[in-house]
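This is run_20.txt. It holds compact mmCIF, C-alpha atoms and all ligand atoms.
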# COMPACT_ATOMS: atom_id res chain seq x y z
CA MET D 1 -31.15 -67.99 21.83
CA THR D 2 -33.29 -65.51 19.88
CA ASP D 3 -32.02 -63.91 16.65
CA THR D 4 -31.47 -60.65 18.53
CA GLN D 5 -29.46 -62.37 21.26
CA ALA D 6 -27.31 -64.11 18.65
CA ALA D 7 -26.70 -60.83 16.79
CA PHE D 8 -25.96 -59.01 20.05
CA ALA D 9 -23.49 -61.69 21.15
CA LYS D 10 -21.50 -61.07 17.95
CA VAL D 11 -21.13 -57.32 18.54
CA ALA D 12 -20.87 -57.44 22.36
CA PRO D 13 -17.04 -57.54 22.42
CA LEU D 14 -17.08 -54.18 20.62
CA LEU D 15 -18.89 -52.56 23.53
CA GLU D 16 -15.89 -53.11 25.75
CA GLY D 17 -13.69 -50.10 26.17
CA GLN D 18 -16.28 -47.58 25.02
CA ALA D 19 -15.43 -44.26 26.69
CA ILE D 20 -17.53 -41.11 26.88
CA GLU D 21 -16.00 -38.06 28.56
CA LEU D 22 -18.18 -36.11 30.97
CA PRO D 23 -18.16 -32.30 31.21
CA SER D 24 -17.42 -31.03 34.72
CA TRP D 25 -19.95 -28.23 34.11
CA ALA D 26 -22.82 -30.72 33.78
CA PHE D 27 -22.62 -31.20 37.55
CA GLY D 28 -22.89 -27.49 38.34
CA ASN D 29 -26.05 -25.44 38.16
CA SER D 30 -27.09 -24.14 34.78
CA GLY D 31 -30.13 -22.64 33.20
CA THR D 32 -31.31 -20.15 30.66
CA ARG D 33 -31.08 -16.36 30.48
CA PHE D 34 -34.34 -16.40 32.43
CA LYS D 35 -33.33 -18.39 35.49
CA VAL D 36 -30.70 -20.68 36.91
CA PHE D 37 -32.30 -22.98 39.49
CA GLY D 38 -30.27 -24.34 42.36
CA THR D 39 -30.44 -28.09 42.98
CA PRO D 40 -29.80 -29.79 46.35
CA GLY D 41 -26.45 -31.56 46.40
CA THR D 42 -24.84 -29.44 43.67
CA PRO D 43 -21.02 -29.35 43.99
CA ARG D 44 -19.37 -26.38 45.69
CA SER D 45 -15.87 -27.33 44.52
CA VAL D 46 -14.14 -28.86 41.52
CA GLU D 47 -13.39 -31.91 43.69
CA GLU D 48 -17.11 -32.44 44.34
CA LYS D 49 -17.78 -32.24 40.60
CA ILE D 50 -15.15 -34.89 39.98
CA ALA D 51 -16.56 -37.11 42.72
CA ASP D 52 -19.96 -36.91 40.97
CA ALA D 53 -18.45 -37.68 37.58
CA ALA D 54 -16.64 -40.67 39.12
CA THR D 55 -20.02 -41.84 40.43
CA VAL D 56 -21.41 -41.87 36.88
CA HIS D 57 -18.45 -44.01 35.85
CA ARG D 58 -18.89 -46.38 38.81
CA PHE D 59 -22.49 -47.11 37.84
CA THR D 60 -21.96 -47.38 34.07
CA GLY D 61 -18.30 -48.21 33.33
CA LEU D 62 -18.63 -45.78 30.43
CA ALA D 63 -17.15 -42.49 31.60
CA PRO D 64 -13.51 -42.81 32.63
CA THR D 65 -12.56 -39.15 32.03
CA VAL D 66 -13.80 -35.68 32.98
CA ALA D 67 -13.35 -32.54 30.87
CA LEU D 68 -12.49 -29.29 32.63
CA HIS D 69 -13.41 -25.72 31.66
CA ILE D 70 -10.94 -22.96 32.51
CA PRO D 71 -11.37 -20.72 34.50
CA TRP D 72 -14.53 -22.41 35.86
CA ASP D 73 -12.40 -25.29 37.14
CA LEU D 74 -9.28 -23.38 38.13
CA VAL D 75 -7.54 -24.82 41.20
CA GLU D 76 -4.23 -23.99 42.85
CA ASP D 77 -2.68 -27.38 42.26
CA PHE D 78 -3.69 -29.34 39.16
CA GLY D 79 -1.23 -32.12 40.02
CA ALA D 80 -3.17 -32.67 43.25
CA LEU D 81 -6.47 -32.54 41.34
CA ARG D 82 -5.15 -35.19 38.98
CA THR D 83 -4.31 -37.43 41.96
CA PHE D 84 -7.74 -36.74 43.46
CA ALA D 85 -9.38 -37.84 40.19
CA THR D 86 -7.26 -40.98 39.91
CA ASP D 87 -8.06 -41.87 43.54
CA HIS D 88 -11.74 -41.66 42.58
CA GLY D 89 -11.26 -43.92 39.56
CA VAL D 90 -11.29 -41.34 36.74
CA GLU D 91 -8.76 -39.25 34.78
CA LEU D 92 -8.83 -35.61 33.80
CA GLY D 93 -9.55 -35.14 30.10
CA THR D 94 -10.04 -32.31 27.64
CA ILE D 95 -9.27 -28.77 28.72
CA ASN D 96 -11.80 -26.24 27.41
CA SER D 97 -10.72 -22.63 27.08
CA ASN D 98 -13.12 -19.81 27.84
CA THR D 99 -12.90 -16.43 26.13
CA PHE D 100 -16.58 -15.61 26.44
CA GLN D 101 -16.98 -14.15 29.91
CA ASP D 102 -14.53 -11.28 30.09
CA ASP D 103 -15.50 -7.69 29.30
CA ASP D 104 -12.41 -7.30 27.12
CA TYR D 105 -13.84 -9.85 24.69
CA LYS D 106 -17.02 -7.96 23.87
CA PHE D 107 -15.87 -7.50 20.26
CA GLY D 108 -13.78 -10.63 19.95
CA ALA D 109 -10.83 -12.42 21.51
CA LEU D 110 -8.63 -14.32 19.04
CA THR D 111 -10.09 -12.15 16.26
CA HIS D 112 -10.09 -8.80 18.08
CA VAL D 113 -8.72 -5.79 16.19
CA ASP D 114 -6.60 -4.79 19.21
CA PRO D 115 -3.39 -6.85 19.37
CA LYS D 116 -3.28 -6.46 23.18
CA ILE D 117 -6.65 -8.17 23.55
CA ARG D 118 -5.68 -10.87 21.07
CA GLN D 119 -2.55 -11.50 23.10
CA LYS D 120 -4.59 -11.69 26.31
CA ALA D 121 -6.75 -14.40 24.70
CA ILE D 122 -3.67 -16.22 23.41
CA ASP D 123 -2.14 -16.05 26.90
CA HIS D 124 -5.32 -17.61 28.30
CA HIS D 125 -4.78 -20.54 25.93
CA PHE D 126 -1.15 -20.78 27.04
CA GLU D 127 -2.45 -21.03 30.60
CA CYS D 128 -4.78 -23.84 29.46
CA ILE D 129 -1.80 -25.65 27.94
CA ASP D 130 0.05 -25.33 31.28
CA VAL D 131 -3.01 -26.92 32.90
CA MET D 132 -2.92 -29.73 30.31
CA ASN D 133 0.71 -30.38 31.14
CA ALA D 134 -0.16 -30.74 34.83
CA THR D 135 -3.30 -32.84 34.30
CA GLY D 136 -1.89 -35.05 31.54
CA SER D 137 -4.69 -33.97 29.19
CA ARG D 138 -4.36 -34.63 25.48
CA ASP D 139 -6.84 -32.14 24.02
CA LEU D 140 -7.25 -28.37 24.10
CA LYS D 141 -10.77 -27.56 22.97
CA ILE D 142 -11.43 -24.09 21.62
CA TRP D 143 -14.90 -22.72 21.11
CA LEU D 144 -15.10 -19.00 20.31
CA ALA D 145 -18.08 -16.79 21.03
CA GLU D 146 -16.90 -14.38 18.35
CA GLY D 147 -18.79 -12.71 15.57
CA SER D 148 -20.97 -9.71 14.86
CA ASN D 149 -24.63 -8.78 15.08
CA TYR D 150 -25.08 -6.34 12.21
CA PRO D 151 -24.05 -6.28 8.56
CA GLY D 152 -21.09 -3.96 8.21
CA GLN D 153 -20.22 -4.11 11.90
CA ALA D 154 -17.05 -6.09 11.33
CA ASP D 155 -14.53 -6.87 8.63
CA LEU D 156 -15.28 -10.56 8.10
CA ARG D 157 -12.08 -11.24 6.17
CA GLY D 158 -9.82 -9.38 8.62
CA ARG D 159 -11.26 -11.36 11.51
CA GLN D 160 -10.65 -14.66 9.72
CA ASP D 161 -7.03 -13.69 9.04
CA ARG D 162 -6.44 -12.65 12.66
CA LEU D 163 -8.04 -15.89 13.84
CA ALA D 164 -5.62 -17.90 11.68
CA GLU D 165 -2.67 -16.01 13.14
CA SER D 166 -3.83 -16.40 16.76
CA LEU D 167 -4.56 -20.11 16.33
CA ALA D 168 -1.12 -20.67 14.79
CA THR D 169 0.50 -19.05 17.85
CA ILE D 170 -1.49 -21.32 20.18
CA TYR D 171 -0.84 -24.42 18.07
CA ASP D 172 2.91 -23.76 18.22
CA ARG D 173 2.74 -24.09 22.00
CA ILE D 174 1.00 -27.48 22.28
CA GLY D 175 3.16 -30.55 22.97
CA GLU D 176 3.95 -33.41 20.61
CA GLU D 177 1.31 -35.63 22.19
CA GLN D 178 -1.31 -32.91 22.50
CA ARG D 179 -4.03 -31.84 20.07
CA LEU D 180 -6.01 -28.68 19.38
CA VAL D 181 -9.69 -29.17 18.52
CA LEU D 182 -11.67 -26.25 17.09
CA GLU D 183 -15.41 -26.29 17.70
CA TYR D 184 -17.83 -24.57 15.32
CA LYS D 185 -21.23 -23.06 15.94
CA PHE D 186 -23.36 -21.15 13.46
CA PHE D 187 -24.92 -18.65 15.87
CA GLU D 188 -25.01 -17.37 19.45
CA PRO D 189 -23.94 -15.22 21.14
CA ALA D 190 -23.37 -13.38 17.86
CA PHE D 191 -26.22 -13.66 15.41
CA TYR D 192 -25.32 -12.03 12.09
CA HIS D 193 -22.02 -13.82 11.66
CA THR D 194 -19.90 -16.18 13.71
CA ASP D 195 -16.16 -16.48 13.05
CA VAL D 196 -16.18 -20.29 13.13
CA PRO D 197 -19.74 -21.03 12.01
CA ASP D 198 -19.42 -24.40 10.31
CA TRP D 199 -17.31 -27.52 9.84
CA GLY D 200 -15.84 -26.12 6.64
CA THR D 201 -14.41 -23.06 8.38
CA SER D 202 -13.10 -25.14 11.25
CA TYR D 203 -11.61 -27.58 8.75
CA ALA D 204 -9.94 -24.78 6.77
CA GLN D 205 -8.51 -23.22 9.93
CA VAL D 206 -7.20 -26.45 11.48
CA SER D 207 -5.85 -27.76 8.17
CA ALA D 208 -3.64 -24.68 7.96
CA LEU D 209 -2.22 -25.49 11.41
CA GLY D 210 -1.09 -29.08 11.07
CA GLU D 211 -1.78 -32.70 11.86
CA ARG D 212 -2.57 -32.29 15.52
CA ALA D 213 -5.28 -29.72 14.86
CA LEU D 214 -8.73 -31.18 14.32
CA VAL D 215 -12.42 -30.31 14.21
CA CYS D 216 -14.82 -30.68 17.15
CA LEU D 217 -18.41 -31.44 16.15
CA ASP D 218 -21.00 -30.33 18.73
CA THR D 219 -24.29 -31.93 17.71
CA GLY D 220 -26.30 -28.92 18.91
CA HIS D 221 -24.46 -26.41 16.72
CA HIS D 222 -26.22 -26.88 13.39
CA ALA D 223 -29.22 -25.40 11.68
CA PRO D 224 -32.38 -27.50 11.96
CA GLY D 225 -32.44 -30.29 9.42
CA THR D 226 -28.66 -30.41 8.90
CA ASN D 227 -27.44 -33.87 7.99
CA ILE D 228 -24.92 -34.27 10.82
CA GLU D 229 -24.05 -37.84 9.90
CA PHE D 230 -22.86 -36.58 6.52
CA ILE D 231 -20.51 -34.13 8.24
CA THR D 232 -19.32 -36.96 10.49
CA MET D 233 -18.59 -39.10 7.44
CA GLN D 234 -16.77 -36.29 5.64
CA LEU D 235 -14.57 -35.31 8.57
CA LEU D 236 -13.63 -38.94 9.18
CA ARG D 237 -12.90 -39.35 5.50
CA LEU D 238 -10.62 -36.32 5.63
CA GLY D 239 -8.92 -37.53 8.83
CA LYS D 240 -9.97 -34.38 10.66
CA LEU D 241 -12.65 -35.45 13.12
CA GLY D 242 -11.11 -34.79 16.52
CA SER D 243 -14.03 -34.98 18.87
CA PHE D 244 -17.74 -34.87 19.48
CA ASP D 245 -19.64 -32.73 21.95
CA PHE D 246 -22.82 -34.79 22.28
CA ASN D 247 -26.14 -33.32 23.39
CA SER D 248 -29.56 -32.94 21.85
CA ARG D 249 -31.76 -30.15 20.73
CA PHE D 250 -35.27 -29.38 19.71
CA TYR D 251 -34.67 -25.80 18.59
CA ALA D 252 -31.16 -24.41 19.03
CA ASP D 253 -28.18 -25.12 21.29
CA ASP D 254 -30.51 -26.65 23.87
CA ASP D 255 -27.83 -28.84 25.52
CA LEU D 256 -30.37 -31.50 26.44
CA ILE D 257 -29.61 -35.16 27.12
CA VAL D 258 -27.99 -36.82 24.10
CA GLY D 259 -30.35 -39.16 22.30
CA ALA D 260 -33.39 -37.72 24.06
CA ALA D 261 -34.81 -35.57 21.28
CA ASP D 262 -33.92 -37.70 18.28
CA PRO D 263 -32.46 -41.15 19.05
CA PHE D 264 -32.54 -42.02 15.35
CA GLN D 265 -30.20 -39.14 14.57
CA LEU D 266 -27.76 -40.39 17.23
CA PHE D 267 -27.98 -43.87 15.68
CA ARG D 268 -27.23 -42.45 12.21
CA ILE D 269 -24.24 -40.50 13.50
CA LEU D 270 -22.85 -43.53 15.35
CA PHE D 271 -23.34 -45.70 12.28
CA GLU D 272 -21.13 -43.30 10.28
CA VAL D 273 -18.61 -43.20 13.13
CA ILE D 274 -18.31 -47.00 13.03
CA ARG D 275 -18.40 -47.11 9.21
CA GLY D 276 -15.68 -44.46 9.02
CA GLY D 277 -13.31 -46.11 11.53
CA GLY D 278 -13.90 -43.54 14.26
CA TYR D 279 -15.07 -45.97 16.93
CA GLY D 280 -12.11 -46.94 19.14
CA PRO D 281 -13.17 -50.44 20.26
CA ALA D 282 -13.60 -51.43 16.59
CA ASN D 283 -10.53 -49.55 15.37
CA PRO D 284 -7.71 -49.06 17.87
CA GLU D 285 -6.11 -46.51 15.51
CA SER D 286 -9.00 -44.11 16.05
CA GLU D 287 -8.35 -41.07 18.20
CA VAL D 288 -11.83 -39.55 18.00
CA ALA D 289 -12.90 -38.31 21.45
CA PHE D 290 -16.52 -38.71 22.54
CA MET D 291 -17.67 -36.11 25.01
CA LEU D 292 -20.90 -34.85 26.39
CA ASP D 293 -21.51 -31.10 26.43
CA GLN D 294 -24.72 -30.83 28.36
CA CYS D 295 -26.51 -28.95 31.06
CA HIS D 296 -29.13 -30.29 33.42
CA ASN D 297 -31.34 -27.33 34.20
CA VAL D 298 -34.34 -29.01 35.78
CA GLU D 299 -33.44 -32.68 36.22
CA ASP D 300 -30.97 -34.19 38.70
CA LYS D 301 -27.50 -33.95 37.26
CA ILE D 302 -25.91 -37.30 38.09
CA PRO D 303 -28.80 -39.42 36.78
CA GLY D 304 -28.96 -37.01 33.82
CA GLN D 305 -25.38 -37.93 32.96
CA ILE D 306 -26.01 -41.64 33.61
CA ARG D 307 -28.99 -41.55 31.22
CA SER D 308 -26.82 -39.76 28.64
CA VAL D 309 -23.97 -42.24 28.53
CA LEU D 310 -26.46 -45.13 28.49
CA ASN D 311 -28.21 -43.56 25.50
CA VAL D 312 -24.90 -43.39 23.65
CA GLN D 313 -24.10 -47.00 24.56
CA GLU D 314 -27.53 -48.21 23.46
CA MET D 315 -27.39 -46.47 20.09
CA THR D 316 -23.81 -47.70 19.59
CA ALA D 317 -25.00 -51.27 20.16
CA ARG D 318 -27.80 -50.80 17.67
CA ALA D 319 -25.48 -49.19 15.11
CA LEU D 320 -23.07 -52.12 15.50
CA LEU D 321 -25.97 -54.44 14.68
CA VAL D 322 -26.33 -53.08 11.14
CA ASP D 323 -25.62 -56.00 8.82
CA ARG D 324 -23.02 -54.17 6.74
CA ASP D 325 -22.64 -56.98 4.18
CA ALA D 326 -26.38 -57.14 3.56
CA LEU D 327 -26.48 -53.32 3.42
CA ALA D 328 -23.67 -53.15 0.87
CA ALA D 329 -25.29 -55.87 -1.26
CA ALA D 330 -28.61 -54.03 -1.28
CA GLN D 331 -26.90 -50.73 -2.04
CA GLU D 332 -24.95 -52.20 -4.92
CA ALA D 333 -28.03 -53.90 -6.32
CA GLY D 334 -29.91 -50.60 -6.26
CA ASP D 335 -32.38 -52.13 -3.82
CA VAL D 336 -33.53 -48.91 -2.25
CA LEU D 337 -36.12 -50.32 0.13
CA GLY D 338 -34.06 -53.40 0.93
CA ALA D 339 -31.11 -51.23 2.01
CA ASN D 340 -33.36 -49.03 4.08
CA GLU D 341 -34.87 -52.10 5.74
CA VAL D 342 -31.44 -53.47 6.75
CA PHE D 343 -30.66 -50.08 8.32
CA MET D 344 -34.02 -49.75 10.09
CA ASP D 345 -33.96 -53.35 11.36
CA ALA D 346 -30.87 -52.52 13.38
CA PHE D 347 -32.26 -49.22 14.64
CA GLN D 348 -35.50 -50.86 15.71
CA THR D 349 -33.83 -53.71 17.61
CA ASP D 350 -34.47 -53.46 21.33
CA VAL D 351 -31.11 -54.23 22.97
CA ARG D 352 -32.01 -53.18 26.50
CA ALA D 353 -32.28 -56.69 27.99
CA ASP D 354 -29.08 -57.81 26.26
CA LEU D 355 -27.23 -54.75 27.52
CA ALA D 356 -28.48 -55.36 31.07
CA ALA D 357 -27.16 -58.93 30.95
CA TRP D 358 -23.88 -57.73 29.41
CA ARG D 359 -23.43 -55.21 32.23
CA GLU D 360 -23.95 -57.86 34.88
CA GLU D 361 -21.36 -60.05 33.20
CA HIS D 362 -18.98 -57.10 33.49
CA GLY D 363 -19.58 -56.51 37.19
CA LEU D 364 -21.79 -53.48 36.58
CA PRO D 365 -25.38 -52.92 37.69
CA ALA D 366 -27.80 -54.28 35.09
CA HIS D 367 -29.88 -51.11 35.43
CA PRO D 368 -27.59 -48.21 36.33
CA MET D 369 -30.43 -45.68 36.70
CA LYS D 370 -32.24 -47.88 39.24
CA ALA D 371 -29.01 -48.82 40.98
CA TYR D 372 -28.06 -45.15 41.37
CA ALA D 373 -31.51 -44.28 42.75
CA ALA D 374 -31.22 -47.12 45.28
CA SER D 375 -27.61 -46.34 46.24
CA GLY D 376 -28.33 -43.42 48.56
CA TYR D 377 -25.61 -41.28 46.93
CA GLN D 378 -28.07 -38.55 45.97
CA GLN D 379 -29.46 -38.33 49.52
CA GLN D 380 -25.94 -38.37 50.91
CA ILE D 381 -24.72 -35.42 48.82
CA GLU D 382 -27.93 -33.49 49.47
CA ALA D 383 -27.40 -33.89 53.21
CA ALA D 384 -23.67 -33.25 53.16
CA ARG D 385 -23.42 -30.35 50.73
CA VAL D 386 -25.07 -27.68 52.77
CA GLY D 387 -23.60 -24.20 52.88
CA GLY D 388 -20.92 -22.84 50.58
CA THR D 389 -21.66 -21.65 47.08
CA GLN D 390 -23.02 -24.04 44.53
CA LEU D 391 -20.98 -23.94 41.35
CA SER D 392 -22.41 -22.64 38.13
CA TRP D 393 -21.04 -20.94 34.99
CA ASN D 394 -18.41 -19.10 36.98
C1 LIG B 1 -20.75 -23.43 23.25
O1 LIG B 1 -22.11 -23.38 23.03
C2 LIG B 1 -20.29 -24.77 23.84
O2 LIG B 1 -20.84 -25.81 23.09
C3 LIG B 1 -18.80 -24.88 23.92
O3 LIG B 1 -18.37 -26.22 23.85
C4 LIG B 1 -18.53 -24.33 25.27
O4 LIG B 1 -17.26 -24.57 25.78
C5 LIG B 1 -19.64 -25.00 26.04
O5 LIG B 1 -20.75 -24.92 25.16
C6 LIG B 1 -19.91 -24.41 27.35
O6 LIG B 1 -21.06 -24.94 27.91
MN MN B 2 -19.80 -27.70 22.84
Please go through the file and, once you have read it, give me the structure as structure tokens.
Amino acid sequence: MTDTQAAFAKVAPLLEGQAIELPSWAFGNSGTRFKVFGTPGTPRSVEEKIADAATVHRFTGLAPTVALHIPWDLVEDFGALRTFATDHGVELGTINSNTFQDDDYKFGALTHVDPKIRQKAIDHHFECIDVMNATGSRDLKIWLAEGSNYPGQADLRGRQDRLAESLATIYDRIGEEQRLVLEYKFFEPAFYHTDVPDWGTSYAQVSALGERALVCLDTGHHAPGTNIEFITMQLLRLGKLGSFDFNSRFYADDDLIVGAADPFQLFRILFEVIRGGGYGPANPESEVAFMLDQCHNVEDKIPGQIRSVLNVQEMTARALLVDRDALAAAQEAGDVLGANEVFMDAFQTDVRADLAAWREEHGLPAHPMKAYAASGYQQQIEAARVGGTQLSWN
């Protein structure tokens, strides 16, 4: 046994039970403001999206739940959708509200100056909670596209106060076992100010609500150079990290495959997750949800999601390999380069062969990407899904 194999064997039990939620919208068409390309085999119904998500889980064992976005995933009977998902081997997960595609929300939704429009946005969240009750979902995720484009356009303070009031009304409606997670983003679609721009604002808003209100950290929603692992540490320390929306970025909210642009950043975040007790398999008390929030504009969507969850698994394995005792000793001794070397040794460990063997031991394909390509599923959906309207951001 090599040193790497011995180290991997020690952390391998902690890879069991890792769960990464998939976004239903990753399976629909998406693009930029310039063009949305269609892709053969793209789902025409919510059921087809769930079947694709279940396929990702079948090949990886990593993605037992699917997040829905309302109204994109509205169906007549959510009880039946829940059964459909279970029959396919997955569960329905987080419900995402959407107050960014209705003309009434041009100048805000939960922050709007007009109480009628605020109530309409609150009612939409009540509808999402009804969906959660039918699907058995735990989390209501709120991301708001609200803000202003020009200095003086809006009363920043008034909007923050109205937001607090609207959120309190929504929070009052969620069940004992349910949670509200508030996602922040520092720009887009508004550019001068955003009403929930940063973790501090989200933290202040959810802290005023109560214990079951938490922060959602989307990795693509920070200014370049932001130390996201520090935010991860702080939110865990404060007991307010509810969930992650994983993706990666080169420039802005690019929504590219997690771990593709900067695998080292993903490693650093996952190290703080583990260090802070936010990783479920190592700490059963943890309730932090790990989700992807991605779009596959030019690549095939199912392998795009398979690659994504594998990237998270691989960086988790490497982060688990950090020799925490040696790290602490070096840190305490003021051994700057020694501490850095312990950290980098784990990051630079190639665990791919060990993970392949581990998967086989668990009845999974050693190489899920290759196994999916050889399975014929892609060809089958491309042949079968002809006609109808491919789903997108609508
Ligand atoms: C906003 O950019 C966001 O990250 C929110 O999570 C939305 O719900 C999602 O993207 C929609 O793709
Ligand atoms: Mn997001």
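For the pair CA of Pro13 (chain D) and CA of Ile231 (chain D), the separation is 27.6 Å.
Interatomic distance, CA of Val322 (chain D) against CA of Gln5 (chain D): 14.1 Å.
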- Environment of ligand MN 2 (chain B) within 7 Å, counting all atoms listed in the file, reported as an NGL selection string: :D and (183 or 218 or 245 or 293)
- Message: Could you check the closest approach to Leu74 (chain D) for each of D:Ile50, D:Ala326, D:Leu163, D:Val131 and tell me which residue wins, using only C-alpha atoms?
- Response: D:Val131
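Of the listed residues D:Phe250, D:Leu214, D:Val196, D:Trp393, the one whose atoms come nearest to Arg33 (chain D) is D:Trp393, with distances taken using only C-alpha atoms.
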- Message: Report as a list of chain:residue names all protein, DNA and RNA residues lying within 6 Å of region 301-312 of chain D, evaluated on all atoms listed in the file, omitting residues in the same chain fewer than 5 positions from it.
- Response: D:Phe27, D:Val56, D:Ile257, D:Val258, D:Gly259, D:His296
- Check the smallest atom-to-atom distance from each of D:Ile20, D:Ala333, D:Val113, D:Val288 to Asp139 (chain D) using all atoms listed in the file, then report the winner. D:Val288
- Message: Calculated over only C-alpha atoms, which of the candidates D:Trp25, D:Phe37, D:Tyr184, D:Tyr150 has the smallest distance to Asp52 (chain D)?
- Response: D:Trp25
Around the point (-14.4, -52.3, 19.9) in the file's coordinates, collect all residues with an atom within 8 Å, using only C-alpha atoms, and return them as a compact mmCIF listing (two decimals) with C-alpha atoms, in the frame of the given file.
# COMPACT_ATOMS: atom_id res chain seq x y z
CA PRO D 13 -17.04 -57.54 22.42
CA LEU D 14 -17.08 -54.18 20.62
CA LEU D 15 -18.89 -52.56 23.53
CA GLU D 16 -15.89 -53.11 25.75
CA GLY D 17 -13.69 -50.10 26.17
CA GLN D 18 -16.28 -47.58 25.02
CA TYR D 279 -15.07 -45.97 16.93
CA GLY D 280 -12.11 -46.94 19.14
CA PRO D 281 -13.17 -50.44 20.26
CA ALA D 282 -13.60 -51.43 16.59
CA ASN D 283 -10.53 -49.55 15.37
CA PRO D 284 -7.71 -49.06 17.87
- Task: Around the point (-31.1, -56.7, 24.1) in the file's coordinates, collect all residues with an atom within 12 Å, using all atoms listed in the file, and return them as a PyMOL selection string.
- Result: chain D and resi 1-9+11-12+313-315+317-318+321+346+348-359+366
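Considering all atoms listed in the file, the residue among D:Tyr251, D:Trp72, D:Phe343, D:Phe107 positioned nearest to ligand LIG 1 (chain B) is D:Trp72.
Using only C-alpha atoms, the smallest distance between any of D:Leu22, D:Glu176, D:Trp143, D:Ser30 and Asp198 (chain D) comes from D:Trp143.
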- Message: Need to verify the contact set: Asn227 (chain D), 12 Å, all atoms listed in the file, exclusion of same-chain residues closer than 3 positions in sequence. Can you return it as number ranges by chain?
- Response: D: 219, 221-224, 230-234, 265-266, 268-269, 272
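Rounded to one decimal, CA of Asp254 (chain D) and CA of Ile142 (chain D) lie 19.4 Å from each other.
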